[in-house]
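Scroll down for the structure; my scribbles are underneath it.
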Amino acid sequence: MIEKLEHINQDCFFEGTEKLLEIWFKSSLEIIGGDLRNIPRFELDAMLKIVNAEIVSVKKNEFIDSYVLSESSMFISKDRFIIKTCGIITLLESVQQILRLAEKYGKMSIVQNFFYSRRAYLRPNDQIGIHKTFNEEVNYLKLFIPYGAAYSMGLNESSKWYLFTTDNPHEGPQACDATLEILMSDLDEETMLQFTKIKNPNSEELIRNTGISKIIPGSVNDGLVFDPMGFSLNSLFRESYYTIHVTPQPFCSYVSFETNIHLKDYDNLINRVLRIFKPGNFIITFFQSKVSSSGTVSEFKDKSFISGYVCDDTSNMQLKNYSCTYMHYVSEKCCIN
């Protein structure tokens with residue numbers, strides 16, 4: 001059993017950095033009642049098999065079907081399909097199949113918005129096929145989404161964040177959408193020890209003992225503690241979700257937090273997450289549609305107060321339907337040293 005993370009062999013490297021795919025669909029005018037949640041389980045299993053992932057557990061509410069995967073998460077709502085994978089999963093090989101399933105079972109043939117994003121990998125050469133470089137990923141995506149555009153943010157190579165999106169001009173009502181990501185590295189080793197089987201053998205104990213249960217109180221949680229270490233969590237709160245993924249190994253430690261909850265002020269939420277995980281540095285990305293009820297991107301950037309950290313890189317991007325901000329933070333302790 002692992003009692004100290006420093007005893008872990010370097011051969012236990014794991015690429016915690018996720019590939020995140022989010023696709024918004026809509027039906028053609030002559031079709032009424034389309035719903036992506038009508039895609040049957042056997043088709044989802046077959047789609048995930050293509051990229052070497054599988055469903056571990058499922059939770060559902062009135063708005064969202066949540067799936068904990070062998071390597072990360074999947075969320076399906078009426079018109080939105082989200083899949084997030086870590087390791088060397090070949091996520092983009094699922095795109096063609098997702099488009100087919102959305103049309104066949106969801107009765108949604110029109111891609112309203114398409115987002116693919118990720119942080120820079122720790123070991124890009126370990127990735128398989130098109131996932132070794134962002135340029136290769138973009139070239140592949142343009143086979144299916146020819147009108148997409150590619151962007152990158154971040155001054156340093158290790159903290160770059162990449163985005164491929166359509167950002168189509170649309171007629172009719174737009175989705176009220178906001179997404180916050182916190183991508184954390186260089187995590188506190190004592191904290192990471194909590195995400196091992198020896199410290200917390202099941203997800204219920206881990207969620208309670210680490211304080212994760214207080215991030216968004218009242219959420220319905222579905223977690224998985226990996227053996228011997230690592231943790232994945234999907235949580236549902238009414239129309240919102242949040243997901244956490246933890247890679248505790250000290251030489252490749254990584255934690256991600258993502259949510260679409262709408263708040264006027266995200267400071268309390270962000271600081272709650274940071275107090276739990278204690279990263280040495282992290283990236284925040286915040287997406288918001290024009291009709292979102294959350295605070296604006298500029299307000300988010302200008303008013304965010306992150307206790308114990310210094311923002312050393314920031315940029316904004318204005319798309320047709322969305323605004324996006326990127327911020328990189330380092331611990332004040334690192335700045336002092």
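The chains in the structure tokens are called A, B, ... from first to last as shown; in each chain the residues are counted from 1, and the ligands are counted from 1 in the order shown.
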Exercise. Any chance you could list, as an MDAnalysis selection string, the residues in segment 66-230 of chain A that come up strand (DSSP E) when DSSP is run on the backbone?
Key: chainID A and resid 66:69 72:77 80:85 110:119 149:153 161:165 178:187 220:225
Exercise. Determine, counting only C-alpha atoms, which protein, DNA and RNA residues have an atom within 12 Å of an atom of Gly280 of chain A; residues of the same chain fewer than 3 positions away are not included. Present the result as an NGL selection string.
Key: :A and (183-189 or 250 or 253-255 or 274-275 or 277 or 283 or 308-310 or 328-335)
Self-check item: Contacts of segment 212-226 of chain A within 6 Å, only C-alpha atoms, excl. fewer than 6 positions in-chain, as a ChimeraX atom specification
Solution: /A:202-203,232-237
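If you count only C-alpha atoms and ignore residues fewer than 5 places along the chain from segment 142-151 of chain A, what sits within 10 Å of it is A:Val95, A:Gln96, A:Leu99, A:Val111, A:Asn113, A:Phe114, A:Phe115, A:Tyr116, A:Ser117, A:Phe134, A:Asn135, A:Glu137, A:Trp161, A:Tyr162, A:Leu163, A:Phe164, A:Thr165, A:Thr166, A:Asp167, A:Asn168, A:Met317.
Residues with any atom within 12 Å of His131 of chain A, counting only C-alpha atoms and excluding same-chain neighbours fewer than 6 positions away, are Glu18, Lys19, Cys86, Gly87, Ile88, Ile89, Thr90, Leu91, Leu92, Glu93, Ser117, Arg118, Ala120, Tyr121, Arg123, Pro124, Asn125, Glu137, Val138, Asn139, Tyr140 and Leu141 of chain A.
The closest residue to Thr259 of chain A, picked from A:Ile39, A:Ile64, A:Ile244, A:Leu44 and counting only C-alpha atoms, is A:Ile244.
Counting only C-alpha atoms, segment 204-211 of chain A has the following residues at most 8 Å away, ignoring those fewer than 5 positions along the same chain: A:Gln194, A:Phe195, A:Gly223, A:Ile276.
With atom CA of Thr196 of chain A on one side and atom CA of Phe231 of chain A on the other, the separation reads 8.0 Å.
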Quiz prompt | Residue nearest Glu239 of chain A - candidates A:Lys60, A:Ala102, A:Ile198, A:Glu190, atoms counted: only C-alpha atoms | solution = A:Lys60
For Cys12 of chain A, work out the shell of residues within 10 Å, counting only C-alpha atoms and skipping chain neighbours fewer than 5 positions away, then give it as a CSV table (one decimal) with N, CA and C atoms, in the first residue's frame.
```csv
chain,number,residue,atom,x,y,z
A,249,GLN,N,0.2,11.6,-8.4
A,249,GLN,CA,1.7,11.3,-8.4
A,249,GLN,C,2.4,12.7,-8.4
A,251,PHE,N,5.3,13.7,-9.4
A,251,PHE,CA,6.1,14.1,-10.6
A,251,PHE,C,5.2,14.5,-11.8
A,252,CYS,N,3.9,14.2,-11.6
A,252,CYS,CA,2.9,14.6,-12.7
A,252,CYS,C,1.6,15.0,-12.1
```
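Of the listed residues A:Thr17, A:Thr179, A:Ser307, A:Ser73, the one whose atoms come nearest to Tyr322 of chain A is A:Thr179, with distances taken using only C-alpha atoms.
For the pair atom CA of Lys104 of chain A and atom CA of Val51 of chain A, the separation is 20.4 Å.
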Quiz item: In Å, with one decimal, what is the gap from atom CA of Asn200 of chain A to atom CA of Leu48 of chain A?
Solution: 28.7 Å
